[in-house]
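Everything on this sheet refers to the single structure shown next.
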Amino acid sequence: MSGTAPTPRTILDLLRVTTSWFAERGIESARLDAECLLAAALGVERVRLYLDFEKPVTPDERDRFRELVRRRGVDRVPVAQILGRKEFWSLSLAVSPAVLVPRPETETLVQAALDLLPDRDGEARVLDVGTGSGAVALAIASERGKARITATDVSPDALEIARANADELGMADRIELLEGDLYGPVAGRSFDLVVSNPPYLAEAERSGLAPELAHEPDRALFGGEEGLDVLAALVEEAPGLLAAGGALALELAPAQAPRVADWCRAAGLLEVTQYRDLAERPRVVSARLPAVSG
Ligand SMILES: C[S@@+](CC[C@H](N)C(=O)[O-])C[C@H]1O[C@@H](n2cnc3c(N)ncnc32)[C@H](O)[C@@H]1O
């Protein structure tokens, strides 16, 4: 049967061969990636593969799969970029080489934002700086139906993807998308919550990074010499942008958390809080502008 066949013939054969080839090449999620790509090549849901393990694969299907496997294993393109889709906060989002593929740890930022906006029906003004695919803005919009959300990015190509995602999810009328640097596009306005997952990798990290990161925009990843350039600007200028009692929540690398927390205090923000990701690493720092009294 399949074990003696000279070339893989069934779904299970293909999965086995591809999984071990990916693993040999150092791809951590080898089996999952093989399944996602095979499901795409066959035009079925991933769960279908499990029901059809012994089903033979046609030569056309095999050719399609082989090309996807080459892009993943040789070119090291992330699966999400190959498929053009990524799940985030149970939303299915379009992605392209113009945006960062939304990461699971960024759900910590969404959780912090929801904690900072406890009123489910509140009409809070929310700003997402560096929205990329729109992941964070759309996740917040999906949970806070009356929030008024503005999302910005320096990249017009990223904003196009964010717009497509907002359209597809039926949220286009709830999200204002603006192009520009840092708080520039919203100068003179104020917000109840400002969130950002800015580029925060340090230059020194560049050489040791996984090859997959070469397929994401430099500007989405690197934040200057120590990775702190955008974070520093966002904290420093936050008091001028936050409404009284408004909050700031920033994603960062775990080692950056103490410094960013100190900057928040130095900027006059209170209630400085760290949120941990699923791996228990500090991943988000939040802080609040004092509410004006009297
Ligand atoms: C790490 S990605 C985050 C994307 C998305 N928010 C997410 O969490 O998946 C950072 C984003 O910030 C944008 N960006 C970088 N520098 C910026 C700046 N100075 N002002 C506004 N956006 C910036 C990049 O284009 C990129 O889309």
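Labels used: A, B, ... for chains in the order of the structure tokens, numbers from 1 for residues in each chain, and numbers from 1 for ligands as shown.
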Closest contacts (chain A/ligand 1, max 8 Å, only C-alpha atoms and all ligand atoms) as JSON lines:
{"residue": "A:Ala98", "atom": "CA", "partner": "ligand 1", "partner_atom_place_in_ligand_line": "27 (O)", "distance": 7.8}
{"residue": "A:Val99", "atom": "CA", "partner": "ligand 1", "partner_atom_place_in_ligand_line": "27 (O)", "distance": 5.6}
{"residue": "A:Leu100", "atom": "CA", "partner": "ligand 1", "partner_atom_place_in_ligand_line": "2 (S)", "distance": 5.3}
{"residue": "A:Val101", "atom": "CA", "partner": "ligand 1", "partner_atom_place_in_ligand_line": "9 (O)", "distance": 5.9}
{"residue": "A:Pro102", "atom": "CA", "partner": "ligand 1", "partner_atom_place_in_ligand_line": "9 (O)", "distance": 3.8}
{"residue": "A:Arg103", "atom": "CA", "partner": "ligand 1", "partner_atom_place_in_ligand_line": "9 (O)", "distance": 6.3}
{"residue": "A:Thr106", "atom": "CA", "partner": "ligand 1", "partner_atom_place_in_ligand_line": "8 (O)", "distance": 5.8}
{"residue": "A:Asp128", "atom": "CA", "partner": "ligand 1", "partner_atom_place_in_ligand_line": "6 (N)", "distance": 7.2}
{"residue": "A:Val129", "atom": "CA", "partner": "ligand 1", "partner_atom_place_in_ligand_line": "21 (C)", "distance": 5.6}
{"residue": "A:Gly130", "atom": "CA", "partner": "ligand 1", "partner_atom_place_in_ligand_line": "12 (O)", "distance": 3.2}
{"residue": "A:Thr131", "atom": "CA", "partner": "ligand 1", "partner_atom_place_in_ligand_line": "6 (N)", "distance": 3.8}
{"residue": "A:Gly132", "atom": "CA", "partner": "ligand 1", "partner_atom_place_in_ligand_line": "27 (O)", "distance": 3.5}
{"residue": "A:Ser133", "atom": "CA", "partner": "ligand 1", "partner_atom_place_in_ligand_line": "5 (C)", "distance": 5.8}
{"residue": "A:Gly134", "atom": "CA", "partner": "ligand 1", "partner_atom_place_in_ligand_line": "5 (C)", "distance": 6.0}
{"residue": "A:Ala135", "atom": "CA", "partner": "ligand 1", "partner_atom_place_in_ligand_line": "9 (O)", "distance": 5.4}
{"residue": "A:Val136", "atom": "CA", "partner": "ligand 1", "partner_atom_place_in_ligand_line": "6 (N)", "distance": 5.6}
{"residue": "A:Ala137", "atom": "CA", "partner": "ligand 1", "partner_atom_place_in_ligand_line": "6 (N)", "distance": 7.7}
{"residue": "A:Thr152", "atom": "CA", "partner": "ligand 1", "partner_atom_place_in_ligand_line": "21 (C)", "distance": 6.1}
{"residue": "A:Asp153", "atom": "CA", "partner": "ligand 1", "partner_atom_place_in_ligand_line": "22 (N)", "distance": 3.9}
{"residue": "A:Val154", "atom": "CA", "partner": "ligand 1", "partner_atom_place_in_ligand_line": "22 (N)", "distance": 4.5}
{"residue": "A:Ser155", "atom": "CA", "partner": "ligand 1", "partner_atom_place_in_ligand_line": "25 (O)", "distance": 4.9}
{"residue": "A:Ala158", "atom": "CA", "partner": "ligand 1", "partner_atom_place_in_ligand_line": "27 (O)", "distance": 6.0}
{"residue": "A:Glu179", "atom": "CA", "partner": "ligand 1", "partner_atom_place_in_ligand_line": "21 (C)", "distance": 7.8}
{"residue": "A:Gly180", "atom": "CA", "partner": "ligand 1", "partner_atom_place_in_ligand_line": "21 (C)", "distance": 5.9}
{"residue": "A:Asp181", "atom": "CA", "partner": "ligand 1", "partner_atom_place_in_ligand_line": "20 (N)", "distance": 3.7}
{"residue": "A:Leu182", "atom": "CA", "partner": "ligand 1", "partner_atom_place_in_ligand_line": "20 (N)", "distance": 3.7}
{"residue": "A:Tyr183", "atom": "CA", "partner": "ligand 1", "partner_atom_place_in_ligand_line": "20 (N)", "distance": 7.2}
{"residue": "A:Ser196", "atom": "CA", "partner": "ligand 1", "partner_atom_place_in_ligand_line": "6 (N)", "distance": 6.4}
{"residue": "A:Asn197", "atom": "CA", "partner": "ligand 1", "partner_atom_place_in_ligand_line": "3 (C)", "distance": 4.9}
{"residue": "A:Pro198", "atom": "CA", "partner": "ligand 1", "partner_atom_place_in_ligand_line": "10 (C)", "distance": 4.3}
{"residue": "A:Pro199", "atom": "CA", "partner": "ligand 1", "partner_atom_place_in_ligand_line": "1 (C)", "distance": 4.4}
{"residue": "A:Tyr200", "atom": "CA", "partner": "ligand 1", "partner_atom_place_in_ligand_line": "1 (C)", "distance": 7.2}
{"residue": "A:Pro217", "atom": "CA", "partner": "ligand 1", "partner_atom_place_in_ligand_line": "25 (O)", "distance": 7.3}
{"residue": "A:Arg219", "atom": "CA", "partner": "ligand 1", "partner_atom_place_in_ligand_line": "15 (C)", "distance": 5.1}
{"residue": "A:Ala220", "atom": "CA", "partner": "ligand 1", "partner_atom_place_in_ligand_line": "26 (C)", "distance": 3.8}
{"residue": "A:Leu221", "atom": "CA", "partner": "ligand 1", "partner_atom_place_in_ligand_line": "1 (C)", "distance": 5.5}
{"residue": "A:Gly223", "atom": "CA", "partner": "ligand 1", "partner_atom_place_in_ligand_line": "16 (N)", "distance": 7.6}
{"residue": "A:Val230", "atom": "CA", "partner": "ligand 1", "partner_atom_place_in_ligand_line": "19 (N)", "distance": 6.0}
If we count only C-alpha atoms, what is near segment 187-191 of chain A at a cut-off of 6 Å, once residues fewer than 4 positions away on the same chain are taken out, given as a PyMOL selection string? chain A and resi 125-126+241-243
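Atom CA of Ala279 of chain A to atom CA of Leu93 of chain A spans 23.9 Å [interatomic distance, one decimal].
Picture a line from atom CA of Ala151 of chain A to atom CA of Val194 of chain A; it runs 9.9 Å.
Minimum distance to Leu278 of chain A across A:Glu160, A:Glu251, A:Glu203, A:Glu107 (counting only C-alpha atoms) occurs at A:Glu107.
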All strand (DSSP E or B) residues (DSSP, backbone) inside segment 55-213 of chain A, as a PyMOL selection string: chain A and resi 56+85-88+91-94+125-129+148-153+175-179+191-196+201
Please run DSSP on the backbone and report, as a PyMOL selection string, all residues within segment 78-199 of chain A that come out as helix (DSSP H, G or I). chain A and resi 79-83+104-116+135-143+156-168+172-174+184-186
Create the file for the chosen residues now, containing N, CA and C atoms and written as a CSV table (one decimal), in the first residue's frame.
chain,number,residue,atom,x,y,z
A,79,VAL,N,3.4,30.6,5.9
A,79,VAL,CA,2.2,30.1,5.4
A,79,VAL,C,1.1,31.1,5.2
A,80,ALA,N,1.0,32.1,6.1
A,80,ALA,CA,0.0,33.1,6.0
A,80,ALA,C,0.2,33.9,4.7
A,81,GLN,N,1.5,34.2,4.4
A,81,GLN,CA,1.7,35.0,3.2
A,81,GLN,C,1.5,34.2,1.9
A,82,ILE,N,1.7,32.9,2.0
A,82,ILE,CA,1.4,32.0,0.8
A,82,ILE,C,-0.1,32.0,0.6
A,83,LEU,N,-0.8,31.8,1.7
A,83,LEU,CA,-2.3,31.7,1.5
A,83,LEU,C,-3.0,33.0,1.4
A,104,PRO,N,0.1,35.8,17.4
A,104,PRO,CA,-0.8,35.4,18.6
A,104,PRO,C,-0.5,36.3,19.8
A,105,GLU,N,0.8,36.8,20.0
A,105,GLU,CA,1.0,37.6,21.2
A,105,GLU,C,0.3,38.9,21.1
A,106,THR,N,0.0,39.4,19.9
A,106,THR,CA,-0.7,40.7,19.8
A,106,THR,C,-2.1,40.6,20.4
A,107,GLU,N,-2.6,39.4,20.6
A,107,GLU,CA,-4.0,39.2,21.2
A,107,GLU,C,-3.9,39.8,22.6
A,108,THR,N,-2.7,39.8,23.2
A,108,THR,CA,-2.5,40.4,24.6
A,108,THR,C,-2.8,41.9,24.5
A,109,LEU,N,-2.4,42.5,23.4
A,109,LEU,CA,-2.7,43.9,23.3
A,109,LEU,C,-4.2,44.2,23.2
A,110,VAL,N,-4.9,43.3,22.4
A,110,VAL,CA,-6.4,43.4,22.3
A,110,VAL,C,-7.0,43.2,23.6
A,111,GLN,N,-6.5,42.2,24.4
A,111,GLN,CA,-7.1,41.9,25.7
A,111,GLN,C,-6.9,43.1,26.6
A,112,ALA,N,-5.7,43.7,26.6
A,112,ALA,CA,-5.5,44.9,27.4
A,112,ALA,C,-6.4,46.1,27.0
A,113,ALA,N,-6.6,46.2,25.7
A,113,ALA,CA,-7.5,47.3,25.2
A,113,ALA,C,-8.9,47.1,25.7
A,114,LEU,N,-9.4,45.8,25.7
A,114,LEU,CA,-10.8,45.5,26.2
A,114,LEU,C,-10.9,45.8,27.7
A,115,ASP,N,-9.8,45.4,28.4
A,115,ASP,CA,-9.8,45.7,29.9
A,115,ASP,C,-9.9,47.2,30.1
A,116,LEU,N,-9.2,48.0,29.3
A,116,LEU,CA,-9.2,49.4,29.5
A,116,LEU,C,-10.5,50.1,29.0
A,135,ALA,N,-5.5,44.4,12.1
A,135,ALA,CA,-5.8,43.3,13.1
A,135,ALA,C,-6.3,43.8,14.4
A,136,VAL,N,-5.6,44.7,15.0
A,136,VAL,CA,-5.9,45.2,16.4
A,136,VAL,C,-7.2,46.0,16.4
A,137,ALA,N,-7.2,47.0,15.4
A,137,ALA,CA,-8.4,47.9,15.3
A,137,ALA,C,-9.7,47.0,15.1
A,138,LEU,N,-9.6,46.1,14.2
A,138,LEU,CA,-10.8,45.3,13.8
A,138,LEU,C,-11.2,44.4,15.0
A,139,ALA,N,-10.2,43.8,15.7
A,139,ALA,CA,-10.5,43.0,16.9
A,139,ALA,C,-11.3,43.8,17.9
A,140,ILE,N,-10.8,45.0,18.2
A,140,ILE,CA,-11.4,45.9,19.2
A,140,ILE,C,-12.8,46.2,18.7
A,141,ALA,N,-12.9,46.6,17.4
A,141,ALA,CA,-14.2,46.9,16.8
A,141,ALA,C,-15.2,45.8,17.0
A,142,SER,N,-14.7,44.5,16.8
A,142,SER,CA,-15.6,43.4,16.9
A,142,SER,C,-16.1,43.2,18.3
A,143,GLU,N,-15.4,43.7,19.3
A,143,GLU,CA,-15.8,43.5,20.7
A,143,GLU,C,-16.5,44.7,21.3
A,156,PRO,N,0.8,53.2,2.8
A,156,PRO,CA,-0.4,53.2,2.1
A,156,PRO,C,-0.8,51.8,1.6
A,157,ASP,N,0.2,51.0,1.3
A,157,ASP,CA,-0.2,49.6,0.9
A,157,ASP,C,-0.8,48.8,2.1
A,158,ALA,N,-0.2,49.0,3.3
A,158,ALA,CA,-0.8,48.4,4.4
A,158,ALA,C,-2.3,48.9,4.6
A,159,LEU,N,-2.5,50.2,4.5
A,159,LEU,CA,-3.8,50.7,4.7
A,159,LEU,C,-4.8,50.1,3.7
A,160,GLU,N,-4.3,49.8,2.5
A,160,GLU,CA,-5.2,49.2,1.5
A,160,GLU,C,-5.7,47.8,2.0
A,161,ILE,N,-4.8,47.1,2.6
A,161,ILE,CA,-5.1,45.7,3.2
A,161,ILE,C,-6.1,45.9,4.4
A,162,ALA,N,-5.8,46.9,5.2
A,162,ALA,CA,-6.7,47.2,6.4
A,162,ALA,C,-8.1,47.5,5.9
A,163,ARG,N,-8.1,48.3,4.8
A,163,ARG,CA,-9.5,48.7,4.3
A,163,ARG,C,-10.2,47.5,3.7
A,164,ALA,N,-9.5,46.6,3.0
A,164,ALA,CA,-10.1,45.4,2.4
A,164,ALA,C,-10.6,44.5,3.6
A,165,ASN,N,-9.9,44.4,4.7
A,165,ASN,CA,-10.3,43.6,5.8
A,165,ASN,C,-11.6,44.2,6.4
A,166,ALA,N,-11.5,45.6,6.6
A,166,ALA,CA,-12.7,46.2,7.2
A,166,ALA,C,-13.9,46.0,6.4
A,167,ASP,N,-13.8,46.1,5.0
A,167,ASP,CA,-14.9,45.9,4.1
A,167,ASP,C,-15.4,44.5,4.3
A,168,GLU,N,-14.5,43.5,4.2
A,168,GLU,CA,-14.9,42.1,4.2
A,168,GLU,C,-15.6,41.8,5.5
A,172,ALA,N,-16.4,48.6,7.7
A,172,ALA,CA,-15.7,49.8,7.0
A,172,ALA,C,-16.3,51.1,7.5
A,173,ASP,N,-17.6,51.2,7.9
A,173,ASP,CA,-18.1,52.4,8.3
A,173,ASP,C,-17.8,52.7,9.8
A,174,ARG,N,-17.1,51.8,10.4
A,174,ARG,CA,-16.8,52.0,11.9
A,174,ARG,C,-15.3,52.3,12.1
A,184,GLY,N,0.8,62.1,13.8
A,184,GLY,CA,0.6,63.2,12.8
A,184,GLY,C,-0.8,63.3,12.2
A,185,PRO,N,-1.4,62.2,11.7
A,185,PRO,CA,-2.7,62.2,11.0
A,185,PRO,C,-3.8,62.6,12.0
A,186,VAL,N,-3.6,62.6,13.3
A,186,VAL,CA,-4.7,62.9,14.2
A,186,VAL,C,-4.4,64.1,15.1
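Here atom CA of Ala247 of chain A and atom CA of Leu91 of chain A stand 24.8 Å from one another.
In terms of minimum interatomic distance to Arg71 of chain A, A:Ala34 ranks closest within A:Ala34, A:Val57, A:Ala287, A:Leu169, counting only C-alpha atoms.
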Close residues, Ala210 of chain A itself excluded, 12 Å, only C-alpha atoms, min 3 positions apart in chain, as a ChimeraX atom specification: /A:25-28,75-78,205-207,213-216
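Ranking A:Pro211, A:Leu117, A:Glu45, A:Trp89 by their shortest atom-to-atom distance to Gly73 of chain A, with only C-alpha atoms included, puts A:Pro211 first.
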Would you pick out the contacts of Arg16 of chain A at 12 Å or less, using only C-alpha atoms, so that residues sharing its chain but fewer than 3 positions from it are not included, and give the list as a ChimeraX atom specification? /A:2-3,7-13,19-23,30-35,38,53
